[in-house]
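K.L.:
Here you go, this is run_9.cif (mmCIF, C-alpha atoms).
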data_query
#
loop_
_atom_site.label_atom_id
_atom_site.label_comp_id
_atom_site.auth_asym_id
_atom_site.auth_seq_id
_atom_site.Cartn_x
_atom_site.Cartn_y
_atom_site.Cartn_z
CA ASP A 96 88.40 21.10 -147.47
CA GLY A 97 91.14 22.52 -149.73
CA TYR A 98 93.66 23.12 -146.95
CA LEU A 99 96.82 21.12 -146.33
CA ASP A 100 97.09 19.52 -142.90
CA LEU A 101 100.31 18.54 -141.12
CA TYR A 102 101.54 15.14 -139.89
CA ILE A 103 104.69 15.04 -137.72
CA ALA A 104 106.52 11.76 -137.20
CA ASN A 105 108.44 11.64 -133.93
CA TYR A 106 111.45 9.45 -133.22
CA VAL A 107 112.67 8.63 -129.69
CA ASN A 108 112.41 10.03 -126.18
CA PHE A 109 115.93 11.43 -125.98
CA SER A 110 117.53 14.21 -123.98
CA ILE A 111 121.10 15.07 -123.02
CA GLY A 112 120.37 13.90 -119.50
CA ARG A 113 119.19 10.54 -120.85
CA HIS A 114 122.20 10.02 -123.11
CA THR A 115 123.56 6.48 -122.93
CA PRO A 116 127.05 5.76 -124.34
CA CYS A 117 127.00 2.57 -126.38
CA ARG A 118 129.82 0.33 -127.54
CA VAL A 119 130.21 -2.55 -129.98
CA ASN A 120 133.14 -4.84 -129.24
CA GLY A 121 134.51 -2.08 -127.04
CA VAL A 122 134.25 0.57 -129.76
CA LEU A 123 132.09 3.64 -129.21
CA ALA A 124 129.15 3.56 -131.64
CA TYR A 125 125.64 4.88 -132.11
CA CYS A 126 123.14 3.15 -129.88
CA SER A 127 120.44 0.88 -131.22
CA PRO A 128 117.15 2.80 -131.46
CA ARG A 129 115.73 0.27 -129.02
CA VAL A 130 117.78 1.88 -126.24
CA TYR A 131 115.25 4.74 -126.21
CA ASP A 132 111.46 4.53 -126.18
CA GLY A 133 109.64 5.52 -129.35
CA LEU A 134 107.24 8.45 -129.39
CA LYS A 135 103.71 8.93 -130.65
CA ASP A 136 103.25 11.02 -133.77
CA VAL A 137 101.25 14.24 -133.93
CA PHE A 138 98.64 15.48 -136.41
CA PHE A 139 97.50 19.09 -136.95
CA ARG A 140 94.39 20.13 -138.86
CA ASN A 141 94.56 23.30 -140.92
CA ASN A 142 92.03 25.87 -139.74
CA GLY A 143 92.17 27.73 -143.04
CA ASP A 144 93.33 30.99 -141.48
CA GLY A 145 97.06 30.31 -141.21
CA THR A 146 96.73 28.42 -137.94
CA PHE A 147 96.56 24.74 -137.03
CA THR A 148 94.80 22.77 -134.30
CA GLN A 149 96.17 19.53 -132.94
CA ASN A 150 93.68 16.76 -133.62
CA THR A 151 95.85 13.65 -133.31
CA GLN A 152 93.56 11.14 -131.65
CA GLY A 153 90.44 12.67 -133.16
CA SER A 154 91.88 11.79 -136.56
CA GLY A 155 92.83 8.24 -135.53
CA PHE A 156 96.52 8.81 -134.86
CA GLY A 157 98.62 8.72 -131.70
CA TYR A 158 97.41 5.43 -130.27
CA MET A 159 100.66 3.63 -131.13
CA ALA A 160 104.20 4.82 -130.45
CA GLY A 161 106.89 4.34 -133.07
CA ARG A 162 110.26 5.62 -134.17
CA GLY A 163 109.20 7.41 -137.32
CA LEU A 164 111.66 8.37 -140.04
CA GLY A 165 109.85 8.21 -143.38
CA VAL A 166 106.37 9.65 -144.01
CA ILE A 167 104.31 9.73 -147.19
CA PHE A 168 100.67 10.35 -148.12
CA ALA A 169 99.13 8.54 -151.09
CA ASP A 170 95.75 7.20 -152.14
CA TYR A 171 96.79 3.55 -152.26
CA ASP A 172 93.22 2.19 -152.34
CA ASN A 173 91.94 4.55 -155.06
CA ASP A 174 88.99 5.82 -153.05
CA SER A 175 89.77 9.53 -153.61
CA ASP A 176 91.24 10.37 -150.22
CA ALA A 177 94.78 10.57 -148.85
CA ASP A 178 96.10 7.58 -146.91
CA LEU A 179 99.37 7.55 -144.97
CA TYR A 180 102.42 5.30 -144.60
CA VAL A 181 105.04 5.75 -141.84
CA ALA A 182 108.37 3.93 -141.94
CA ASN A 183 109.47 3.22 -138.36
CA ASP A 184 112.94 2.38 -137.10
CA ALA A 185 112.87 -0.87 -135.08
CA ASP A 186 109.07 -0.75 -134.86
CA GLN A 187 106.22 -1.97 -136.99
CA ASP A 188 105.62 0.30 -139.97
CA PHE A 189 102.23 2.03 -140.00
CA LEU A 190 99.69 2.14 -142.81
CA TYR A 191 96.78 4.47 -142.06
CA GLN A 192 93.67 4.08 -144.20
CA ASN A 193 91.48 7.16 -144.56
CA ASP A 194 87.76 6.47 -144.12
CA GLY A 195 86.82 9.40 -146.36
CA ARG A 196 85.84 11.63 -143.45
CA GLY A 197 89.38 12.42 -142.34
CA VAL A 198 89.56 9.67 -139.72
CA PHE A 199 92.33 7.10 -140.13
CA ARG A 200 92.62 3.44 -139.12
CA GLU A 201 96.00 1.71 -138.77
CA THR A 202 96.04 -1.41 -140.98
CA GLY A 203 99.73 -2.17 -141.44
CA GLN A 204 99.68 -5.71 -140.08
CA ILE A 205 96.39 -6.68 -141.72
CA SER A 206 97.44 -5.20 -145.08
CA GLY A 207 100.82 -6.95 -145.03
CA VAL A 208 103.12 -3.91 -144.89
CA GLY A 209 103.92 -3.70 -141.18
CA PHE A 210 106.67 -6.31 -141.14
CA SER A 211 109.01 -8.21 -143.45
CA GLU A 212 107.75 -11.27 -145.33
CA HIS A 213 109.11 -13.31 -142.40
CA GLY A 214 107.01 -11.34 -139.92
CA LEU A 215 109.99 -9.45 -138.50
CA VAL A 216 110.22 -5.82 -137.44
CA GLU A 217 112.69 -3.95 -139.65
CA ASN A 218 114.43 -0.56 -139.47
CA GLY A 219 112.40 1.60 -141.84
CA MET A 220 114.14 4.73 -143.10
CA GLY A 221 112.78 6.11 -146.38
CA VAL A 222 109.59 5.35 -148.30
CA ASP A 223 107.93 5.98 -151.64
CA PHE A 224 104.76 5.00 -153.45
CA GLY A 225 104.69 4.26 -157.17
CA ASP A 226 102.83 2.06 -159.64
CA TYR A 227 105.88 0.22 -160.96
CA ASP A 228 103.88 -2.42 -162.89
CA ASN A 229 101.27 -0.04 -164.37
CA ASP A 230 98.27 -1.89 -162.94
CA GLY A 231 96.67 1.30 -161.60
CA LEU A 232 97.60 0.66 -157.94
CA PHE A 233 100.36 2.36 -155.95
CA ASP A 234 103.01 -0.03 -154.64
CA ILE A 235 105.37 0.75 -151.73
CA VAL A 236 109.14 0.67 -151.32
CA VAL A 237 110.70 0.99 -147.86
CA THR A 238 114.43 1.23 -147.20
CA ASN A 239 115.89 -0.59 -144.21
CA PHE A 240 119.08 -1.33 -142.28
CA GLN A 241 122.08 -3.45 -143.20
CA HIS A 242 121.27 -7.19 -143.50
CA GLN A 243 117.62 -6.35 -144.24
CA THR A 244 116.12 -6.08 -147.69
CA ASN A 245 114.80 -2.82 -149.01
CA THR A 246 111.25 -4.03 -149.09
CA ILE A 247 108.99 -3.73 -152.12
CA TYR A 248 105.33 -4.29 -151.29
CA HIS A 249 103.21 -4.99 -154.36
CA ASN A 250 99.67 -3.66 -154.13
CA GLU A 251 97.36 -6.62 -154.74
CA GLY A 252 94.17 -4.56 -154.50
CA ASN A 253 91.47 -4.64 -151.82
CA SER A 254 93.98 -3.03 -149.40
CA PHE A 255 96.35 -6.03 -149.39
CA PHE A 256 100.06 -6.03 -150.25
CA ASN A 257 102.61 -8.76 -150.98
CA ASP A 258 106.34 -8.57 -150.19
CA VAL A 259 108.06 -9.14 -153.56
CA SER A 260 111.56 -7.99 -152.61
CA TYR A 261 113.25 -11.21 -153.73
CA ASP A 262 110.89 -11.87 -156.64
CA SER A 263 111.68 -8.40 -157.99
CA GLY A 264 115.42 -9.09 -158.05
CA THR A 265 116.25 -6.32 -155.57
CA GLY A 266 116.25 -8.30 -152.30
CA SER A 267 119.64 -9.99 -152.39
CA VAL A 268 121.29 -6.96 -154.03
CA THR A 269 120.21 -4.54 -151.30
CA MET A 270 120.77 -6.87 -148.34
CA PRO A 271 124.41 -5.85 -147.59
CA HIS A 272 123.74 -2.11 -147.59
CA LEU A 273 122.23 0.41 -145.18
CA ALA A 274 119.68 2.43 -147.11
CA TRP A 275 117.90 5.77 -146.67
CA GLY A 276 116.36 7.76 -149.52
CA THR A 277 114.40 6.05 -152.27
CA ASN A 278 112.45 7.11 -155.36
CA PHE A 279 110.29 5.48 -157.98
CA PHE A 280 110.96 7.39 -161.23
CA ASP A 281 111.23 6.65 -164.95
CA PHE A 282 114.82 7.65 -165.73
CA ASN A 283 114.81 6.29 -169.30
CA ASN A 284 111.30 7.38 -170.36
CA ASP A 285 110.27 3.86 -171.36
CA GLY A 286 106.95 4.02 -169.48
CA TRP A 287 108.04 1.92 -166.48
CA LEU A 288 109.00 3.34 -163.08
CA ASP A 289 112.59 2.56 -162.13
CA LEU A 290 113.94 2.64 -158.58
CA PHE A 291 116.73 4.61 -156.88
CA ILE A 292 118.09 3.80 -153.41
CA ALA A 293 120.59 5.95 -151.45
CA ASN A 294 123.03 3.99 -149.26
CA GLY A 295 125.49 4.83 -146.50
CA HIS A 296 126.25 3.43 -143.08
CA LEU A 297 125.22 5.10 -139.83
CA ASP A 298 128.58 4.74 -138.07
CA ASN A 299 131.56 6.52 -139.60
CA ASN A 300 133.85 4.16 -137.65
CA ILE A 301 131.99 1.01 -138.70
CA GLN A 302 135.12 -0.81 -139.93
CA LEU A 303 136.58 -0.78 -136.41
CA PHE A 304 133.98 -3.33 -135.38
CA ASP A 305 132.49 -4.66 -138.64
CA THR A 306 134.86 -5.21 -141.55
CA SER A 307 132.11 -6.61 -143.76
CA THR A 308 130.86 -3.14 -144.67
CA THR A 309 131.95 0.50 -145.07
CA TYR A 310 130.68 3.94 -144.10
CA ALA A 311 130.57 5.14 -147.72
CA GLN A 312 128.61 2.83 -150.01
CA ILE A 313 127.55 2.69 -153.64
CA ASN A 314 123.97 3.71 -154.36
CA HIS A 315 121.53 1.59 -156.37
CA LEU A 316 119.72 2.52 -159.57
CA PHE A 317 117.42 -0.30 -160.61
CA LYS A 318 116.04 -0.38 -164.14
CA ASN A 319 112.51 -1.69 -164.40
CA ASN A 320 112.49 -4.62 -166.83
CA GLY A 321 108.75 -4.33 -167.40
CA ASP A 322 108.04 -7.83 -166.08
CA GLY A 323 108.01 -7.17 -162.34
CA THR A 324 111.80 -7.44 -161.98
CA PHE A 325 114.60 -4.89 -161.74
CA THR A 326 118.29 -4.81 -162.77
CA ASP A 327 120.86 -2.66 -160.97
CA LEU A 328 122.60 -0.34 -163.47
CA ALA A 329 124.16 2.15 -161.03
CA GLU A 330 127.76 1.66 -162.10
CA GLU A 331 126.89 1.47 -165.77
CA LEU A 332 125.00 4.77 -165.63
CA GLY A 333 127.60 6.83 -163.74
CA LEU A 334 126.76 6.25 -160.08
CA GLU A 335 129.88 4.26 -159.30
CA ALA A 336 131.28 6.78 -156.77
CA ILE A 337 130.71 5.93 -153.10
CA TYR A 338 129.34 8.28 -150.44
CA SER A 339 127.44 8.02 -147.21
CA SER A 340 124.20 9.14 -148.81
CA ARG A 341 120.94 10.04 -147.11
CA GLY A 342 118.15 11.95 -148.87
CA SER A 343 117.20 11.78 -152.54
CA ALA A 344 114.87 13.71 -154.80
CA VAL A 345 114.02 13.62 -158.50
CA GLY A 346 112.91 16.22 -161.02
CA ASP A 347 113.72 17.57 -164.47
CA ILE A 348 116.08 20.24 -163.16
CA ASP A 349 117.37 21.28 -166.59
CA ASN A 350 113.97 21.01 -168.33
CA ASP A 351 115.20 18.76 -171.12
CA GLY A 352 112.52 16.09 -170.88
CA ASP A 353 114.15 13.54 -168.60
CA LEU A 354 114.37 13.16 -164.84
CA ASP A 355 117.51 14.11 -162.95
CA LEU A 356 118.52 13.04 -159.46
CA VAL A 357 119.76 14.97 -156.41
CA ILE A 358 121.37 13.08 -153.52
CA SER A 359 122.38 14.49 -150.12
CA ASN A 360 125.49 13.04 -148.49
CA LEU A 361 127.00 13.18 -145.01
CA ASP A 362 130.44 14.83 -144.78
CA GLN A 363 130.36 15.55 -148.54
CA PRO A 364 128.59 17.97 -150.89
CA PRO A 365 125.37 16.74 -152.50
CA ASN A 366 125.41 14.99 -155.86
CA VAL A 367 123.44 16.51 -158.72
CA MET A 368 123.17 13.68 -161.23
CA ARG A 369 122.10 15.20 -164.55
CA ASN A 370 120.43 12.76 -166.89
CA ASP A 371 122.10 13.15 -170.29
CA GLY A 372 120.56 11.00 -172.97
CA VAL A 373 119.80 7.84 -170.99
CA SER A 374 116.26 7.93 -172.39
CA GLY A 375 117.42 7.80 -176.01
CA ASN A 376 114.58 8.71 -178.37
CA ASN A 377 111.75 7.83 -176.00
CA ASN A 378 108.92 10.32 -175.72
CA TRP A 379 107.74 12.02 -172.53
CA LEU A 380 105.22 14.43 -171.03
CA ASN A 381 105.59 16.79 -168.05
CA VAL A 382 102.42 18.00 -166.31
CA LYS A 383 102.13 20.87 -163.81
CA LEU A 384 98.85 21.03 -161.89
CA ILE A 385 97.59 24.18 -160.20
CA GLY A 386 94.70 24.01 -157.77
CA ASN A 387 91.88 26.50 -157.66
CA THR A 388 89.34 25.36 -155.07
CA CYS A 389 91.78 22.70 -153.82
CA ASN A 390 95.24 23.60 -152.51
CA HIS A 391 97.29 25.70 -154.94
CA SER A 392 100.01 23.06 -155.33
CA ALA A 393 97.34 20.48 -156.20
CA ILE A 394 98.82 18.05 -153.67
CA GLY A 395 96.78 14.89 -153.63
CA SER A 396 95.74 15.17 -157.29
CA HIS A 397 96.03 12.22 -159.66
CA VAL A 398 96.78 12.17 -163.37
CA ILE A 399 95.96 9.01 -165.29
CA LEU A 400 97.61 8.77 -168.70
CA THR A 401 96.56 6.30 -171.37
CA ALA A 402 97.98 5.56 -174.81
CA GLU A 403 96.54 2.51 -176.55
CA ASN A 404 97.28 -0.37 -174.14
CA MET A 405 99.57 1.63 -171.82
CA ARG A 406 98.15 3.18 -168.66
CA GLN A 407 100.11 5.11 -166.03
CA ILE A 408 99.11 6.91 -162.86
CA ARG A 409 100.93 9.66 -160.96
CA GLU A 410 100.08 11.64 -157.83
CA VAL A 411 101.24 15.07 -156.65
CA ARG A 412 102.89 14.56 -153.26
CA SER A 413 104.30 16.81 -150.54
CA GLY A 414 107.26 14.71 -149.48
CA SER A 415 108.77 11.27 -149.83
CA SER A 416 112.06 9.37 -149.73
CA TYR A 417 114.03 10.30 -146.61
CA LEU A 418 113.69 13.95 -145.52
CA SER A 419 113.26 15.00 -149.15
CA GLN A 420 110.92 16.78 -151.56
CA SER A 421 110.86 15.98 -155.27
CA ASP A 422 109.57 18.08 -158.16
CA LEU A 423 105.82 18.69 -157.84
CA ARG A 424 105.44 18.39 -161.61
CA LEU A 425 104.35 14.96 -162.83
CA HIS A 426 106.63 13.29 -165.37
CA PHE A 427 105.58 10.48 -167.69
CA GLY A 428 107.91 8.43 -169.87
CA LEU A 429 106.02 7.34 -172.98
CA GLY A 430 108.37 5.10 -174.94
CA ASN A 431 107.26 5.21 -178.59
CA TYR A 432 103.83 6.72 -177.90
CA SER A 433 103.41 10.27 -179.21
CA ILE A 434 99.72 10.98 -178.51
CA VAL A 435 98.05 10.36 -175.13
CA ASP A 436 94.84 10.99 -173.21
CA LEU A 437 94.83 12.47 -169.71
CA GLU A 438 92.37 12.23 -166.84
CA VAL A 439 92.91 14.59 -163.91
CA ARG A 440 91.35 13.74 -160.55
CA TRP A 441 91.47 16.71 -158.21
CA PRO A 442 91.43 16.21 -154.39
CA ASN A 443 87.88 17.58 -154.17
CA GLY A 444 86.61 14.74 -156.35
CA LYS A 445 86.22 16.73 -159.58
CA MET A 446 87.54 15.23 -162.80
CA GLU A 447 88.71 16.70 -166.10
CA GLU A 448 89.67 14.88 -169.29
CA PHE A 449 91.99 15.95 -172.09
CA ARG A 450 92.20 14.03 -175.35
CA GLN A 451 94.87 13.72 -178.02
CA VAL A 452 97.65 15.44 -176.07
CA GLU A 453 100.95 15.61 -177.92
CA SER A 454 104.11 14.28 -176.27
CA ASN A 455 107.48 15.92 -175.61
CA GLN A 456 106.16 19.08 -174.01
CA PHE A 457 105.64 20.78 -170.66
CA ILE A 458 101.99 21.54 -169.96
CA LYS A 459 100.04 23.30 -167.22
CA ILE A 460 96.50 22.47 -166.14
CA ILE A 461 94.61 24.84 -163.85
CA GLU A 462 91.74 23.25 -161.96
CA GLY A 463 88.34 23.95 -163.45
CA THR A 464 89.43 25.74 -166.61
CA GLY A 465 88.85 22.77 -168.88
CA HIS A 466 91.93 23.30 -171.01
CA LEU A 467 95.67 22.80 -170.81
CA GLN A 468 98.44 25.26 -171.58
CA HIS A 469 101.73 24.54 -173.29
CA ILE A 470 104.67 25.92 -171.30
CA GLU A 471 107.48 27.31 -173.42
CA ILE A 472 110.89 26.56 -171.87
CA GLN A 473 113.51 29.21 -172.52
#
Could you show the structure in this file as structure tokens?
P.N.:
Amino acid sequence: DGYLDLYIANYVNFSIGRHTPCRVNGVLAYCSPRVYDGLKDVFFRNNGDGTFTQNTQGSGFGYMAGRGLGVIFADYDNDSDADLYVANDADQDFLYQNDGRGVFRETGQISGVGFSEHGLVENGMGVDFGDYDNDGLFDIVVTNFQHQTNTIYHNEGNSFFNDVSYDSGTGSVTMPHLAWGTNFFDFNNDGWLDLFIANGHLDNNIQLFDTSTTYAQINHLFKNNGDGTFTDLAEELGLEAIYSSRGSAVGDIDNDGDLDLVISNLDQPPNVMRNDGVSGNNNWLNVKLIGNTCNHSAIGSHVILTAENMRQIREVRSGSSYLSQSDLRLHFGLGNYSIVDLEVRWPNGKMEEFRQVESNQFIKIIEGTGHLQHIEIQ
């Protein structure tokens, strides 16, 4: 209907009066989330007049309680409506499939994204969607607790996913760490989505009862090898410092044609990691969408980019990672390609096509105008 609705993920039923001191080996520590009952989430429909009406169960939500931390909307089944994934802490993760009428059905277990590949409940923190293998389908990454993999679910089509954490080369690398924020993004403009993961332990006194880990931890920056696997290059690319990191967001903050990274840390200032030349001579394209009959930010819109045998898909999203918001502009790394075609799919179902678009520029597309504008960066 052109108006943005609101989904609120709730965590646990906690109050000061219900506070329970917890200890590990006699040391005061944060309690397991299982000490407190999880809560049901809440959904509000936009009335279009600046007000909202709660319509949780009417929209298919609120029948299952969870301990929600990460929330993201994306059209994972390519049927032109927004679906929803919720990363839960010590509960099954939720995948809500939109039936096209604004009513959702929870399909996490059936689709293969509710549990680990061993059928175990994990501690979901942050989440992102991204088509890391350029097959036209959005895959999922979910960050989890120490001694759990950060799970990559490959979208197999027909609403089914496969846990490829170990096959991708990230499973054993991420196992020792406690992870939060995460982002699919193409840091080197080679046309393949890479993967960032923010790490840091929950307990700042963790070494008093677990000497196998630390409060501050190195973050991960996985380069996409283009064959379904990733290689961690964090130290090589300047992320060797350790923090207790939480949220993460990406965007071209200095407008130089490559994606930069912002990381929030506990007990420390945030890190602004400026990307200086990692992409080499690879080409790129940055697309800003503006809605007209749909929402002004064009949230929920898709851009499909093709250049000869390369095809990429991006979606404008209103939140991802862990408590974070990335740049609403869509960035494409193009490798050696200099001319591309674009297909824009607006949330209302309308489509626009643009042929022979030159690379290495910032462009703006306003819904329904039928042309794109070059944006001059000062």
K.L.:
Pick the closest to Gly221 in chain A from A:Ser416, A:Asn284, A:Ser254, A:Asn299: which is it, counting all atoms listed in the file?
P.N.:
A:Ser416
K.L.:
Using all atoms listed in the file, which of the listed residues (A:Glu447, A:Glu410, A:Asp184, A:Asp289) sits closest to Gly395 in chain A?
P.N.:
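That would be A:Glu410, the residue with the smallest distance to Gly395 in chain A.
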K.L.:
Do you have the CA of Leu354 in chain A-CA of Phe233 in chain A distance handy?
P.N.:
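If I compute the distance from CA of Leu354 in chain A to CA of Phe233 in chain A, I get 19.8 Å.
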K.L.:
To one decimal in Å, tell me the separation between CA of His315 in chain A and CA of Gln302 in chain A.
P.N.:
21.5 Å
K.L.:
In Å, with one decimal, what is the gap from CA of Val398 in chain A to CA of Leu437 in chain A?
P.N.:
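Going from CA of Val398 in chain A over to CA of Leu437 in chain A, I get 6.6 Å.
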K.L.:
Convert the output of the PyMOL selection byres ((chain A and resi 455-457) around 6) on the shown file into explicit residues, formatted as a list in words.
P.N.:
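For this structure, the PyMOL selection byres ((chain A and resi 455-457) around 6) captures Asn378, Trp379, Leu380, Asn381, Ser454, Ile458 and Ile470 of chain A.
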K.L.:
How about saving the chosen residues, C-alpha atoms kept, as a compact mmCIF listing (two decimals), keeping the file's coordinate frame?
P.N.:
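Result file follows (again-v9.txt):
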# COMPACT_ATOMS: atom_id res chain seq x y z
CA ASN A 378 108.92 10.32 -175.72
CA TRP A 379 107.74 12.02 -172.53
CA LEU A 380 105.22 14.43 -171.03
CA ASN A 381 105.59 16.79 -168.05
CA SER A 454 104.11 14.28 -176.27
CA ILE A 458 101.99 21.54 -169.96
CA ILE A 470 104.67 25.92 -171.30
K.L.:
Apply the PyMOL selection byres ((chain A and resi 103) around 8) to the structure shown and report the selected residues as a PyMOL selection string.
P.N.:
chain A and resi 101-102+104-105+136-138
K.L.:
Apply the PyMOL selection byres ((chain A and resi 453) around 7) to the displayed file and report the matching residues as a PyMOL selection string.
P.N.:
chain A and resi 433-435+451-452+454-455
K.L.:
Could you check the closest approach to Phe317 in chain A for each of A:Val181, A:Val357, A:Cys126, A:Ile292 and tell me which residue wins, using all atoms listed in the file?
P.N.:
A:Ile292
K.L.:
Near Asn250 in chain A, counting only C-alpha atoms, which residues have an atom at most 9 Å away, once you skip same-chain residues fewer than 2 positions from it, shown as an MDAnalysis selection string?
P.N.:
chainID A and resid 171:172 226 232:235 248 252:257
K.L.:
With C-alpha atoms kept, could you save the residues just selected as a compact mmCIF listing (two decimals), in the coordinates of the input?
P.N.:
# COMPACT_ATOMS: atom_id res chain seq x y z
CA TYR A 171 96.79 3.55 -152.26
CA ASP A 172 93.22 2.19 -152.34
CA ASP A 226 102.83 2.06 -159.64
CA LEU A 232 97.60 0.66 -157.94
CA PHE A 233 100.36 2.36 -155.95
CA ASP A 234 103.01 -0.03 -154.64
CA ILE A 235 105.37 0.75 -151.73
CA TYR A 248 105.33 -4.29 -151.29
CA GLY A 252 94.17 -4.56 -154.50
CA ASN A 253 91.47 -4.64 -151.82
CA SER A 254 93.98 -3.03 -149.40
CA PHE A 255 96.35 -6.03 -149.39
CA PHE A 256 100.06 -6.03 -150.25
CA ASN A 257 102.61 -8.76 -150.98
K.L.:
For each of A:Val130, A:Asp144, A:Asp96, A:Gly465, take the minimum atom-to-atom distance to Gly197 in chain A, counting all atoms listed in the file, then give the residue where this is smallest.
P.N.:
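Checking each candidate against Gly197 in chain A, we get A:Asp96 as the closest.
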K.L.:
From the list A:Asn283, A:Asn150, A:Asn314, A:Asn319, which residue is nearest Asn366 in chain A when using all atoms listed in the file?
P.N.:
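When distances to Asn366 in chain A are compared using all atoms listed in the file, the smallest one comes from A:Asn314.
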K.L.:
From the set A:Leu297, A:Leu288, A:Ile111, A:Ile461, which residue has the shortest atom-to-atom contact distance to Gly323 in chain A, counting all atoms listed in the file?
P.N.:
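Selected residue with least distance to Gly323 in chain A: A:Leu288.
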K.L.:
Output range 327-333 of chain A with all heavy atoms present, as a PDB file, in the frame of the given file.
P.N.:
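The file below, part28.pdb, is the result:
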ATOM      1  N   ASP A 327     120.075  -3.771-161.475  1.00  0.00           N
ATOM      2  CA  ASP A 327     120.860  -2.660-160.970  1.00  0.00           C
ATOM      3  C   ASP A 327     121.853  -2.191-162.034  1.00  0.00           C
ATOM      4  O   ASP A 327     122.723  -2.937-162.460  1.00  0.00           O
ATOM      5  CB  ASP A 327     121.604  -3.079-159.699  1.00  0.00           C
ATOM      6  CG  ASP A 327     122.282  -1.909-159.007  1.00  0.00           C
ATOM      7  OD1 ASP A 327     121.976  -0.750-159.360  1.00  0.00           O
ATOM      8  OD2 ASP A 327     123.115  -2.144-158.109  1.00  0.00           O
ATOM      9  N   LEU A 328     121.719  -0.915-162.447  1.00  0.00           N
ATOM     10  CA  LEU A 328     122.600  -0.340-163.470  1.00  0.00           C
ATOM     11  C   LEU A 328     123.378   0.856-162.937  1.00  0.00           C
ATOM     12  O   LEU A 328     123.846   1.684-163.715  1.00  0.00           O
ATOM     13  CB  LEU A 328     121.773   0.102-164.684  1.00  0.00           C
ATOM     14  CG  LEU A 328     120.997  -0.978-165.446  1.00  0.00           C
ATOM     15  CD1 LEU A 328     120.267  -0.352-166.628  1.00  0.00           C
ATOM     16  CD2 LEU A 328     121.922  -2.083-165.924  1.00  0.00           C
ATOM     17  N   ALA A 329     123.541   0.957-161.626  1.00  0.00           N
ATOM     18  CA  ALA A 329     124.160   2.150-161.030  1.00  0.00           C
ATOM     19  C   ALA A 329     125.538   2.428-161.610  1.00  0.00           C
ATOM     20  O   ALA A 329     125.828   3.546-162.046  1.00  0.00           O
ATOM     21  CB  ALA A 329     124.237   1.983-159.513  1.00  0.00           C
ATOM     22  N   GLU A 330     126.405   1.448-161.606  1.00  0.00           N
ATOM     23  CA  GLU A 330     127.760   1.660-162.100  1.00  0.00           C
ATOM     24  C   GLU A 330     127.767   1.965-163.589  1.00  0.00           C
ATOM     25  O   GLU A 330     128.505   2.836-164.053  1.00  0.00           O
ATOM     26  CB  GLU A 330     128.629   0.437-161.795  1.00  0.00           C
ATOM     27  CG  GLU A 330     128.880   0.226-160.300  1.00  0.00           C
ATOM     28  CD  GLU A 330     129.895  -0.867-160.034  1.00  0.00           C
ATOM     29  OE1 GLU A 330     131.046  -0.724-160.485  1.00  0.00           O
ATOM     30  OE2 GLU A 330     129.538  -1.857-159.383  1.00  0.00           O
ATOM     31  N   GLU A 331     126.942   1.266-164.335  1.00  0.00           N
ATOM     32  CA  GLU A 331     126.890   1.470-165.770  1.00  0.00           C
ATOM     33  C   GLU A 331     126.433   2.867-166.154  1.00  0.00           C
ATOM     34  O   GLU A 331     126.860   3.426-167.180  1.00  0.00           O
ATOM     35  CB  GLU A 331     125.949   0.424-166.394  1.00  0.00           C
ATOM     36  CG  GLU A 331     125.786   0.513-167.893  1.00  0.00           C
ATOM     37  CD  GLU A 331     124.864  -0.556-168.424  1.00  0.00           C
ATOM     38  OE1 GLU A 331     124.825  -1.666-167.826  1.00  0.00           O
ATOM     39  OE2 GLU A 331     124.165  -0.293-169.414  1.00  0.00           O
ATOM     40  N   LEU A 332     125.590   3.475-165.304  1.00  0.00           N
ATOM     41  CA  LEU A 332     125.000   4.770-165.630  1.00  0.00           C
ATOM     42  C   LEU A 332     125.657   5.931-164.894  1.00  0.00           C
ATOM     43  O   LEU A 332     125.111   7.034-164.868  1.00  0.00           O
ATOM     44  CB  LEU A 332     123.502   4.738-165.321  1.00  0.00           C
ATOM     45  CG  LEU A 332     122.689   3.747-166.163  1.00  0.00           C
ATOM     46  CD1 LEU A 332     121.226   3.766-165.754  1.00  0.00           C
ATOM     47  CD2 LEU A 332     122.831   4.060-167.646  1.00  0.00           C
ATOM     48  N   GLY A 333     126.826   5.713-164.286  1.00  0.00           N
ATOM     49  CA  GLY A 333     127.600   6.830-163.740  1.00  0.00           C
ATOM     50  C   GLY A 333     127.455   7.057-162.261  1.00  0.00           C
ATOM     51  O   GLY A 333     127.878   8.106-161.758  1.00  0.00           O
TER      52      GLY A 333
END
